[in-house]
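Next up, final20.cif (mmCIF, C-alpha atoms):
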data_run
loop_
_atom_site.group_PDB
_atom_site.id
_atom_site.type_symbol
_atom_site.label_atom_id
_atom_site.label_comp_id
_atom_site.auth_asym_id
_atom_site.auth_seq_id
_atom_site.Cartn_x
_atom_site.Cartn_y
_atom_site.Cartn_z
ATOM 1 C CA MET W 1 39.755 140.406 -34.451
ATOM 2 C CA VAL W 2 40.292 137.863 -31.733
ATOM 3 C CA LEU W 3 39.373 138.377 -28.104
ATOM 4 C CA THR W 4 41.201 136.285 -25.504
ATOM 5 C CA HIS W 5 40.678 135.652 -21.830
ATOM 6 C CA THR W 6 43.157 133.775 -19.617
ATOM 7 C CA THR W 7 42.721 132.489 -16.050
ATOM 8 C CA ASN W 8 44.904 130.431 -13.743
ATOM 9 C CA HIS W 9 43.789 127.933 -11.159
ATOM 10 C CA SER W 10 45.166 125.121 -9.045
ATOM 11 C CA TYR W 11 43.569 121.881 -7.888
ATOM 12 C CA THR W 12 44.549 120.281 -4.589
ATOM 13 C CA HIS W 13 44.841 116.918 -6.318
ATOM 14 C CA PRO W 14 47.866 115.262 -7.922
ATOM 15 C CA PHE W 15 48.324 115.593 -11.676
ATOM 16 C CA PRO W 16 47.421 111.983 -12.685
ATOM 17 C CA THR W 17 44.062 112.237 -10.889
ATOM 18 C CA VAL W 18 43.306 115.569 -12.556
ATOM 19 C CA THR W 19 43.933 114.114 -16.023
ATOM 20 C CA LEU W 20 41.630 111.212 -15.202
ATOM 21 C CA ALA W 21 38.956 113.676 -14.061
ATOM 22 C CA PHE W 22 39.374 115.508 -17.369
ATOM 23 C CA PHE W 23 38.506 112.309 -19.281
ATOM 24 C CA LEU W 24 35.668 111.517 -16.870
ATOM 25 C CA ARG W 25 34.135 114.971 -16.564
ATOM 26 C CA TYR W 26 31.270 114.321 -18.990
ATOM 27 C CA TYR W 27 30.877 110.656 -18.092
ATOM 28 C CA SER W 28 27.662 111.003 -16.137
ATOM 29 C CA PRO W 29 25.579 113.810 -14.582
ATOM 30 C CA GLN W 30 25.630 111.643 -11.439
ATOM 31 C CA LEU W 31 29.366 112.103 -11.305
ATOM 32 C CA ASN W 32 29.349 115.726 -12.471
ATOM 33 C CA PRO W 33 26.002 117.545 -12.142
ATOM 34 C CA PHE W 34 27.431 120.356 -14.272
ATOM 35 C CA SER W 35 27.629 118.062 -17.279
ATOM 36 C CA ALA W 36 23.873 117.750 -17.848
ATOM 37 C CA HIS W 37 24.184 119.940 -20.970
ATOM 38 C CA VAL W 38 26.518 117.378 -22.580
ATOM 39 C CA LEU W 39 24.370 115.115 -24.747
ATOM 40 C CA SER W 40 27.061 112.775 -26.042
ATOM 41 C CA THR W 41 30.808 112.135 -26.002
ATOM 42 C CA ASP W 42 32.695 110.092 -28.593
ATOM 43 C CA THR W 43 36.369 109.249 -29.034
ATOM 44 C CA ILE W 44 37.552 109.397 -32.640
ATOM 45 C CA ASP W 45 41.263 108.979 -32.021
ATOM 46 C CA SER W 46 43.388 107.674 -29.169
ATOM 47 C CA HIS W 47 46.997 106.637 -29.455
ATOM 48 C CA VAL W 48 50.252 106.653 -27.529
ATOM 49 C CA ASP W 49 53.113 108.184 -29.501
ATOM 50 C CA PRO W 50 55.771 105.446 -29.496
ATOM 51 C CA GLU W 51 58.628 107.956 -29.349
ATOM 52 C CA THR W 52 57.398 110.349 -26.682
ATOM 53 C CA GLY W 53 55.049 108.079 -24.743
ATOM 54 C CA ARG W 54 52.434 110.845 -24.914
ATOM 55 C CA LEU W 55 48.759 109.953 -25.128
ATOM 56 C CA HIS W 56 46.928 111.800 -27.923
ATOM 57 C CA THR W 57 43.138 111.774 -27.753
ATOM 58 C CA THR W 58 40.489 113.385 -29.952
ATOM 59 C CA ARG W 59 36.867 113.452 -28.853
ATOM 60 C CA ILE W 60 33.639 114.976 -30.144
ATOM 61 C CA HIS W 61 31.127 116.254 -27.612
ATOM 62 C CA LEU W 62 27.588 117.268 -28.467
ATOM 63 C CA LYS W 63 26.458 120.032 -26.150
ATOM 64 C CA LYS W 64 23.250 121.954 -25.794
ATOM 65 C CA SER W 65 24.086 125.290 -27.300
ATOM 66 C CA ARG W 66 26.200 127.457 -25.062
ATOM 67 C CA MET W 67 25.859 130.327 -27.448
ATOM 68 C CA PRO W 68 24.446 133.156 -25.338
ATOM 69 C CA SER W 69 20.845 134.045 -26.135
ATOM 70 C CA ALA W 70 21.991 137.651 -26.583
ATOM 71 C CA ILE W 71 23.920 136.520 -29.641
ATOM 72 C CA ILE W 72 21.135 134.319 -30.944
ATOM 73 C CA LYS W 73 18.824 137.355 -30.749
ATOM 74 C CA LEU W 74 21.292 139.395 -32.809
ATOM 75 C CA LEU W 75 21.094 136.952 -35.664
ATOM 76 C CA PRO W 76 18.403 135.978 -38.115
ATOM 77 C CA ALA W 77 17.083 132.417 -37.973
ATOM 78 C CA SER W 78 18.751 131.676 -41.313
ATOM 79 C CA VAL W 79 22.105 131.926 -39.550
ATOM 80 C CA THR W 80 21.318 130.220 -36.243
ATOM 81 C CA GLY W 81 19.277 127.528 -37.914
ATOM 82 C CA GLY W 82 16.135 128.623 -36.089
ATOM 83 C CA ALA W 83 15.050 127.924 -32.545
ATOM 84 C CA GLY W 84 15.150 124.161 -32.985
ATOM 85 C CA GLU W 85 18.858 123.826 -33.716
ATOM 86 C CA LYS W 86 20.445 124.462 -30.378
ATOM 87 C CA SER W 87 23.160 121.851 -30.032
ATOM 88 C CA SER W 88 26.724 122.284 -31.055
ATOM 89 C CA TYR W 89 29.521 119.848 -31.741
ATOM 90 C CA VAL W 90 32.758 120.481 -29.894
ATOM 91 C CA LEU W 91 36.063 118.973 -31.020
ATOM 92 C CA GLU W 92 38.459 118.277 -28.147
ATOM 93 C CA ASN W 93 42.133 117.436 -28.641
ATOM 94 C CA SER W 94 44.317 116.482 -25.715
ATOM 95 C CA ILE W 95 47.893 115.363 -25.152
ATOM 96 C CA VAL W 96 49.038 113.863 -21.855
ATOM 97 C CA ASP W 97 52.699 113.453 -20.998
ATOM 98 C CA ILE W 98 52.746 111.460 -17.805
ATOM 99 C CA LYS W 99 56.548 111.408 -17.541
ATOM 100 C CA GLU W 100 56.974 115.164 -17.824
ATOM 101 C CA GLY W 101 53.786 115.816 -15.897
ATOM 102 C CA TRP W 102 51.725 117.991 -18.234
ATOM 103 C CA MET W 103 48.565 117.881 -20.293
ATOM 104 C CA LYS W 104 47.510 120.238 -23.058
ATOM 105 C CA THR W 105 43.946 120.398 -24.279
ATOM 106 C CA GLU W 106 42.150 122.368 -26.940
ATOM 107 C CA SER W 107 38.398 122.469 -27.540
ATOM 108 C CA ARG W 108 36.577 124.288 -30.302
ATOM 109 C CA ASN W 109 33.108 124.426 -31.774
ATOM 110 C CA LEU W 110 32.549 122.625 -35.077
ATOM 111 C CA ASN W 111 29.301 124.249 -36.144
ATOM 112 C CA PHE W 112 28.157 127.893 -35.935
ATOM 113 C CA THR W 113 31.738 128.778 -36.874
ATOM 114 C CA GLY W 114 30.429 131.283 -39.430
ATOM 115 C CA VAL W 115 29.093 133.253 -36.468
ATOM 116 C CA LEU W 116 31.579 132.592 -33.707
ATOM 117 C CA SER W 117 34.594 130.348 -33.166
ATOM 118 C CA VAL W 118 35.398 129.676 -29.537
ATOM 119 C CA THR W 119 38.619 127.897 -28.626
ATOM 120 C CA GLU W 120 39.408 126.815 -25.086
ATOM 121 C CA SER W 121 43.051 125.905 -24.514
ATOM 122 C CA GLN W 122 44.237 124.473 -21.231
ATOM 123 C CA HIS W 123 47.655 123.678 -19.913
ATOM 124 C CA TYR W 124 47.733 121.424 -16.866
ATOM 125 C CA SER W 125 50.987 120.924 -15.038
ATOM 126 C CA ALA W 126 52.360 119.077 -12.031
ATOM 127 C CA THR W 127 54.698 122.022 -11.417
ATOM 128 C CA PRO W 128 53.681 125.567 -10.485
ATOM 129 C CA PRO W 129 54.092 128.118 -13.322
ATOM 130 C CA ASP W 130 57.048 129.898 -11.656
ATOM 131 C CA GLN W 131 59.033 126.653 -11.427
ATOM 132 C CA ALA W 132 58.183 125.449 -14.905
ATOM 133 C CA ASP W 133 61.501 126.513 -16.444
ATOM 134 C CA SER W 134 63.757 124.832 -13.942
ATOM 135 C CA SER W 135 61.633 121.678 -13.975
ATOM 136 C CA ASN W 136 62.032 121.376 -17.748
ATOM 137 C CA LEU W 137 65.747 121.163 -17.322
ATOM 138 C CA SER W 138 65.452 118.307 -14.893
ATOM 139 C CA SER W 139 62.515 116.562 -16.528
ATOM 140 C CA ALA W 140 64.563 113.442 -17.147
ATOM 141 C CA VAL W 141 65.135 113.089 -13.427
ATOM 142 C CA ALA W 142 62.339 111.485 -11.472
ATOM 143 C CA ARG W 143 60.987 113.870 -8.866
ATOM 144 C CA PRO W 144 58.320 113.414 -6.223
ATOM 145 C CA MET W 145 54.819 114.000 -7.549
ATOM 146 C CA SER W 146 53.325 117.239 -6.301
ATOM 147 C CA ALA W 147 50.045 117.126 -4.369
ATOM 148 C CA ASN W 148 48.705 119.972 -6.500
ATOM 149 C CA THR W 149 48.006 120.573 -10.176
ATOM 150 C CA TRP W 150 48.170 123.953 -11.862
ATOM 151 C CA VAL W 151 46.066 124.863 -14.849
ATOM 152 C CA SER W 152 46.021 127.846 -17.140
ATOM 153 C CA THR W 153 42.911 128.284 -19.308
ATOM 154 C CA THR W 154 42.678 130.568 -22.323
ATOM 155 C CA PHE W 155 39.454 131.206 -24.181
ATOM 156 C CA SER W 156 39.650 132.887 -27.531
ATOM 157 C CA TYR W 157 36.696 134.263 -29.454
ATOM 158 C CA ARG W 158 36.710 135.048 -33.119
ATOM 159 C CA SER W 159 33.708 136.129 -35.112
ATOM 160 C CA SER W 160 34.076 136.114 -38.868
ATOM 161 C CA LEU W 161 30.439 136.962 -39.507
ATOM 162 C CA GLY W 162 29.989 138.765 -42.813
ATOM 163 C CA SER W 163 33.602 138.242 -43.856
ATOM 164 C CA ARG W 164 34.262 137.173 -47.432
ATOM 165 C CA LYS W 165 35.466 133.737 -46.442
ATOM 166 C CA THR W 166 32.353 133.017 -44.415
ATOM 167 C CA ASP W 167 30.111 134.230 -47.221
ATOM 168 C CA LYS W 168 31.857 131.951 -49.648
ATOM 169 C CA ALA W 169 31.640 128.999 -47.310
ATOM 170 C CA ALA W 170 27.975 129.685 -46.655
ATOM 171 C CA ALA W 171 27.245 130.028 -50.353
ATOM 172 C CA ASN W 172 28.949 126.718 -51.067
ATOM 173 C CA GLU W 173 27.222 125.054 -48.189
ATOM 174 C CA GLU W 174 23.717 126.281 -48.708
ATOM 175 C CA ASN W 175 23.862 127.309 -52.342
ATOM 176 C CA SER W 176 22.237 130.574 -51.272
ATOM 177 C CA ARG W 177 24.535 133.444 -52.045
ATOM 178 C CA GLY W 178 24.133 136.561 -49.959
ATOM 179 C CA ARG W 179 23.044 134.628 -46.910
ATOM 180 C CA PHE W 180 25.077 137.101 -44.866
ATOM 181 C CA GLY W 181 24.267 140.013 -47.132
ATOM 182 C CA TRP W 182 22.262 141.683 -44.384
ATOM 183 C CA ILE W 183 25.393 142.273 -42.404
ATOM 184 C CA SER W 184 28.322 142.665 -44.775
ATOM 185 C CA GLY W 185 27.230 146.067 -46.058
ATOM 186 C CA TRP W 186 27.310 147.880 -42.732
ATOM 187 C CA GLY W 187 29.271 147.615 -39.538
ATOM 188 C CA ALA W 188 30.285 143.988 -39.925
ATOM 189 C CA LYS W 189 33.344 144.652 -37.767
ATOM 190 C CA ARG W 190 31.178 146.234 -35.080
ATOM 191 C CA ILE W 191 28.800 143.281 -35.004
ATOM 192 C CA GLN W 192 31.747 140.884 -34.921
ATOM 193 C CA SER W 193 33.267 142.574 -31.904
ATOM 194 C CA SER W 194 29.897 142.718 -30.099
ATOM 195 C CA ILE W 195 29.518 139.002 -30.625
ATOM 196 C CA GLU W 196 33.058 138.375 -29.353
ATOM 197 C CA SER W 197 32.549 140.514 -26.254
ATOM 198 C CA ILE W 198 29.107 139.116 -25.387
ATOM 199 C CA ALA W 199 30.544 135.611 -25.601
ATOM 200 C CA SER W 200 33.614 136.569 -23.605
ATOM 201 C CA ASN W 201 31.494 138.098 -20.824
ATOM 202 C CA LYS W 202 29.777 134.753 -20.364
ATOM 203 C CA THR W 203 33.113 133.036 -19.812
ATOM 204 C CA ASP W 204 33.597 133.601 -16.087
ATOM 205 C CA ASP W 205 30.374 131.831 -15.279
ATOM 206 C CA GLN W 206 31.305 128.969 -17.578
ATOM 207 C CA ILE W 207 34.801 128.609 -16.103
ATOM 208 C CA ILE W 208 33.430 128.422 -12.555
ATOM 209 C CA LYS W 209 30.917 125.742 -13.523
ATOM 210 C CA SER W 210 33.481 123.622 -15.320
ATOM 211 C CA ARG W 211 35.909 123.976 -12.389
ATOM 212 C CA ASP W 212 33.186 122.970 -9.914
ATOM 213 C CA GLY W 213 32.406 119.994 -12.117
ATOM 214 C CA MET W 214 36.046 118.910 -12.153
ATOM 215 C CA LYS W 215 36.202 119.271 -8.359
ATOM 216 C CA MET W 216 33.198 117.003 -7.862
ATOM 217 C CA VAL W 217 34.737 114.329 -10.090
ATOM 218 C CA LEU W 218 38.061 114.728 -8.249
ATOM 219 C CA GLU W 219 36.462 114.296 -4.830
ATOM 220 C CA ARG W 220 34.769 111.088 -5.948
ATOM 221 C CA LEU W 221 38.050 109.783 -7.313
ATOM 222 C CA ARG W 222 39.918 110.747 -4.123
ATOM 223 C CA SER W 223 37.582 108.799 -1.889
ATOM 224 C CA ASN W 224 36.964 105.781 -4.136
ATOM 225 C CA GLY W 225 39.303 105.439 -7.112
ATOM 226 C CA VAL W 226 38.124 105.061 -10.684
ATOM 227 C CA VAL W 227 37.119 101.409 -10.717
ATOM 228 C CA ALA W 228 34.885 101.838 -7.678
ATOM 229 C CA VAL W 229 33.397 105.053 -9.092
ATOM 230 C CA LEU W 230 32.524 103.407 -12.414
ATOM 231 C CA ARG W 231 31.179 100.299 -10.737
ATOM 232 C CA GLU W 232 28.921 102.392 -8.532
ATOM 233 C CA LEU W 233 27.614 104.430 -11.497
ATOM 234 C CA ASN W 234 26.919 101.317 -13.524
ATOM 235 C CA ARG W 235 25.304 99.555 -10.593
ATOM 236 C CA ARG W 236 22.854 102.438 -10.334
ATOM 237 C CA GLU W 237 22.122 102.113 -14.014
ATOM 238 C CA GLY W 238 21.573 98.405 -13.512
ATOM 239 C CA LYS W 239 24.634 97.270 -15.424
ATOM 240 C CA SER W 240 27.635 95.269 -14.421
ATOM 241 C CA VAL W 241 31.124 96.364 -15.318
ATOM 242 C CA PHE W 242 34.594 94.848 -15.012
ATOM 243 C CA GLU W 243 32.982 91.455 -14.676
ATOM 244 C CA ALA W 244 34.034 88.618 -16.934
ATOM 245 C CA MET M 1 27.387 106.498 -18.685
ATOM 246 C CA SER M 2 27.849 109.093 -21.391
ATOM 247 C CA ALA M 3 26.034 108.324 -24.625
ATOM 248 C CA SER M 4 27.387 108.151 -28.159
ATOM 249 C CA LEU M 5 26.063 110.694 -30.650
ATOM 250 C CA ALA M 6 24.832 107.604 -32.487
ATOM 251 C CA PRO M 7 22.587 105.507 -30.209
ATOM 252 C CA GLU M 8 23.346 102.404 -32.293
ATOM 253 C CA CYS M 9 26.999 102.704 -31.178
ATOM 254 C CA ASN M 10 26.253 103.016 -27.447
ATOM 255 C CA GLU M 11 27.035 99.436 -26.616
ATOM 256 C CA VAL M 12 30.431 99.236 -28.351
ATOM 257 C CA LYS M 13 31.318 102.709 -27.099
ATOM 258 C CA GLU M 14 30.570 101.736 -23.517
ATOM 259 C CA ARG M 15 32.748 98.656 -23.748
ATOM 260 C CA TYR M 16 35.608 100.741 -25.134
ATOM 261 C CA ASP M 17 35.192 103.588 -22.607
ATOM 262 C CA THR M 18 35.256 101.198 -19.677
ATOM 263 C CA CYS M 19 38.347 99.492 -21.054
ATOM 264 C CA PHE M 20 40.072 102.806 -21.762
ATOM 265 C CA LEU M 21 39.457 104.245 -18.289
ATOM 266 C CA LYS M 22 40.730 101.087 -16.650
ATOM 267 C CA TRP M 23 43.815 100.997 -18.898
ATOM 268 C CA TYR M 24 44.421 104.725 -18.392
ATOM 269 C CA SER M 25 44.181 104.684 -14.620
ATOM 270 C CA GLU M 26 45.859 101.344 -13.947
ATOM 271 C CA LYS M 27 48.529 101.302 -16.655
ATOM 272 C CA TYR M 28 49.160 104.578 -18.467
ATOM 273 C CA LEU M 29 49.189 106.726 -15.350
ATOM 274 C CA ARG M 30 51.630 104.296 -13.768
ATOM 275 C CA GLY M 31 53.970 104.532 -16.723
ATOM 276 C CA ASN M 32 53.039 101.157 -18.227
ATOM 277 C CA GLY M 33 51.015 102.326 -21.231
ATOM 278 C CA LYS M 34 52.133 100.785 -24.514
ATOM 279 C CA THR M 35 51.159 101.752 -28.029
ATOM 280 C CA ASP M 36 49.322 99.177 -30.073
ATOM 281 C CA ASP M 37 49.223 96.113 -27.941
ATOM 282 C CA ASN M 38 46.825 97.592 -25.463
ATOM 283 C CA GLU M 39 43.829 95.534 -24.496
ATOM 284 C CA CYS M 40 41.327 98.132 -25.745
ATOM 285 C CA ALA M 41 42.510 98.181 -29.378
ATOM 286 C CA SER M 42 40.009 95.644 -30.717
ATOM 287 C CA MET M 43 37.139 97.348 -28.879
ATOM 288 C CA PHE M 44 38.228 100.688 -30.314
ATOM 289 C CA LYS M 45 38.133 99.182 -33.824
ATOM 290 C CA GLU M 46 34.593 97.870 -33.317
ATOM 291 C CA TYR M 47 33.493 101.227 -31.942
ATOM 292 C CA GLN M 48 35.038 103.160 -34.854
ATOM 293 C CA LYS M 49 33.425 100.837 -37.392
ATOM 294 C CA CYS M 50 30.070 101.916 -36.026
ATOM 295 C CA LEU M 51 30.921 105.561 -35.327
ATOM 296 C CA GLN M 52 32.514 106.429 -38.687
ATOM 297 C CA VAL M 53 29.273 105.517 -40.478
ATOM 298 C CA ALA M 54 27.314 107.721 -38.095
ATOM 299 C CA LEU M 55 29.738 110.644 -38.591
ATOM 300 C CA LYS M 56 29.271 110.405 -42.342
ATOM 301 C CA ASP M 57 25.484 110.122 -42.103
ATOM 302 C CA ARG M 58 25.344 113.238 -39.949
ATOM 303 C CA LYS M 59 27.885 115.065 -42.138
ATOM 304 C CA ILE M 60 30.145 115.553 -39.129
ATOM 305 C CA ASP M 61 33.067 114.232 -41.191
ATOM 306 C CA LYS M 62 32.715 117.401 -43.325
ATOM 307 C CA LEU M 63 32.741 119.599 -40.221
ATOM 308 C CA LEU M 64 35.946 117.862 -39.113
ATOM 309 C CA ASP M 65 37.592 118.521 -42.482
ATOM 310 C CA GLU M 66 36.564 122.184 -42.321
ATOM 311 C CA ALA M 67 37.940 122.465 -38.795
ATOM 312 C CA ARG M 68 41.294 121.092 -39.956
ATOM 313 C CA GLU M 69 41.370 123.550 -42.883
ATOM 314 C CA ASP M 70 40.323 126.406 -40.643
ATOM 315 C CA SER M 71 43.005 125.758 -38.052
ATOM 316 C CA LYS M 72 45.582 125.665 -40.862
ATOM 317 C CA ASP M 73 44.389 129.112 -42.074
ATOM 318 C CA TYR M 74 44.388 130.401 -38.534
ATOM 319 C CA ASP M 75 47.939 129.192 -37.920
ATOM 320 C CA THR M 76 49.128 130.823 -41.147
ATOM 321 C CA ILE M 77 47.640 134.195 -40.193
ATOM 322 C CA HIS M 78 48.826 133.818 -36.633
ATOM 323 C CA LEU M 79 52.403 133.027 -37.667
ATOM 324 C CA LYS M 80 52.465 135.812 -40.265
ATOM 325 C CA ARG M 81 51.560 138.410 -37.656
ATOM 326 C CA LYS M 82 54.295 137.258 -35.319
#
Take the structure in this file and express it as structure tokens.
Amino acid sequence: MVLTHTTNHSYTHPFPTVTLAFFLRYYSPQLNPFSAHVLSTDTIDSHVDPETGRLHTTRIHLKKSRMPSAIIKLLPASVTGGAGEKSSYVLENSIVDIKEGWMKTESRNLNFTGVLSVTESQHYSATPPDQADSSNLSSAVARPMSANTWVSTTFSYRSSLGSRKTDKAAANEENSRGRFGWISGWGAKRIQSSIESIASNKTDDQIIKSRDGMKMVLERLRSNGVVAVLRELNRREGKSVFEA
Amino acid sequence: MSASLAPECNEVKERYDTCFLKWYSEKYLRGNGKTDDNECASMFKEYQKCLQVALKDRKIDKLLDEAREDSKDYDTIHLKRK
């Protein structure tokens, strides 16, 4: 089973600035106080497709576990890795098309996937959703950049706890068959859907925080521009940047 | 400044990040982004040299492979149902 949750939002900032804020949103808690749970951010791929001119970026973020404590309590320590292991790796793929004015992103957890896979997909656009079709037709024609950016966010939750595939993966990984034996015999489906719905219920709060974080980054960019913002952050950390 | 998952890569990562953000905001967003001749390419190489070792040490490379497999499976199921 997969549970999904979609919301729409618009930022009162032009599309290019919003994409920049997306790349900067975990840059520093001074820039985005809602990013304090992000421990590290690394880029593993970044290239411009020579044919389309689209920028493809892949990053890995390490975050303090966002898995709700209600789920952690449902599971034995052998699954969650005990109380100590509370960070999760998140893989983020993004594609920016600056000419057509859209960005697609997808983020998913890399560990704990035997318990719960969460995927966040976002579609940012310089055109409002109801005009998207007509704008595609005229995408070759330069048009004035809108002052707003529209974004649609879809979270999907999938728990495969106790499923055969997970058991096999776990057995290979840990060489301890029957690691999920406690659950597969009874009501695995029920537990899976509880996990999906608990996680989904936490989403609204998470969406608001990440939106607020984006807005703070956007405001800083609006008043200063990126070079000034970075210079200020680095000055506070006692470093110089953009100097020869 | 956001950290690298591998502290030993922080310095090269920071140099690359700064370069990337400058290139992105001043060139790419203005329609002047080119593929391989961008000024950050050599910094990216240095950064990856450091990072790839760290990903292997922490077994994150395996997690990445699994994620690629998993999304293939997911797509297959997803397409079948359609």
Residues selected by the PyMOL selection byres ((chain M) within 10 of (chain W)), written as a ChimeraX atom specification:
/M:1-7,9-10,13-22,24-26,28-36,38,41,44,47-48,51-52,55,60,62-67,70
Residues selected by the PyMOL selection byres ((chain W and resi 6-8) around 9), written as a PyMOL selection string:
chain W and resi 4-5+9-10+150-156+207
In Å, how far is it from CA of Lys49 (chain M) to CA of Val12 (chain M)?
9.7 Å
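Separating CA of Asn201 (chain W) from CA of Ala188 (chain W) is a distance of 20.0 Å.
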Would you pick out the contacts of Ser146 (chain W) at 10 Å or less, using only C-alpha atoms, so that residues sharing its chain but fewer than 2 positions from it are not included, and give the list as number ranges by chain?
W: 12-15, 101, 125-128, 143-144, 148-149
Length of the CA of Gln122 (chain W) to CA of Ser159 (chain W) vector [Å]:
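Separation of CA of Gln122 (chain W) and CA of Ser159 (chain W): 21.0 Å.
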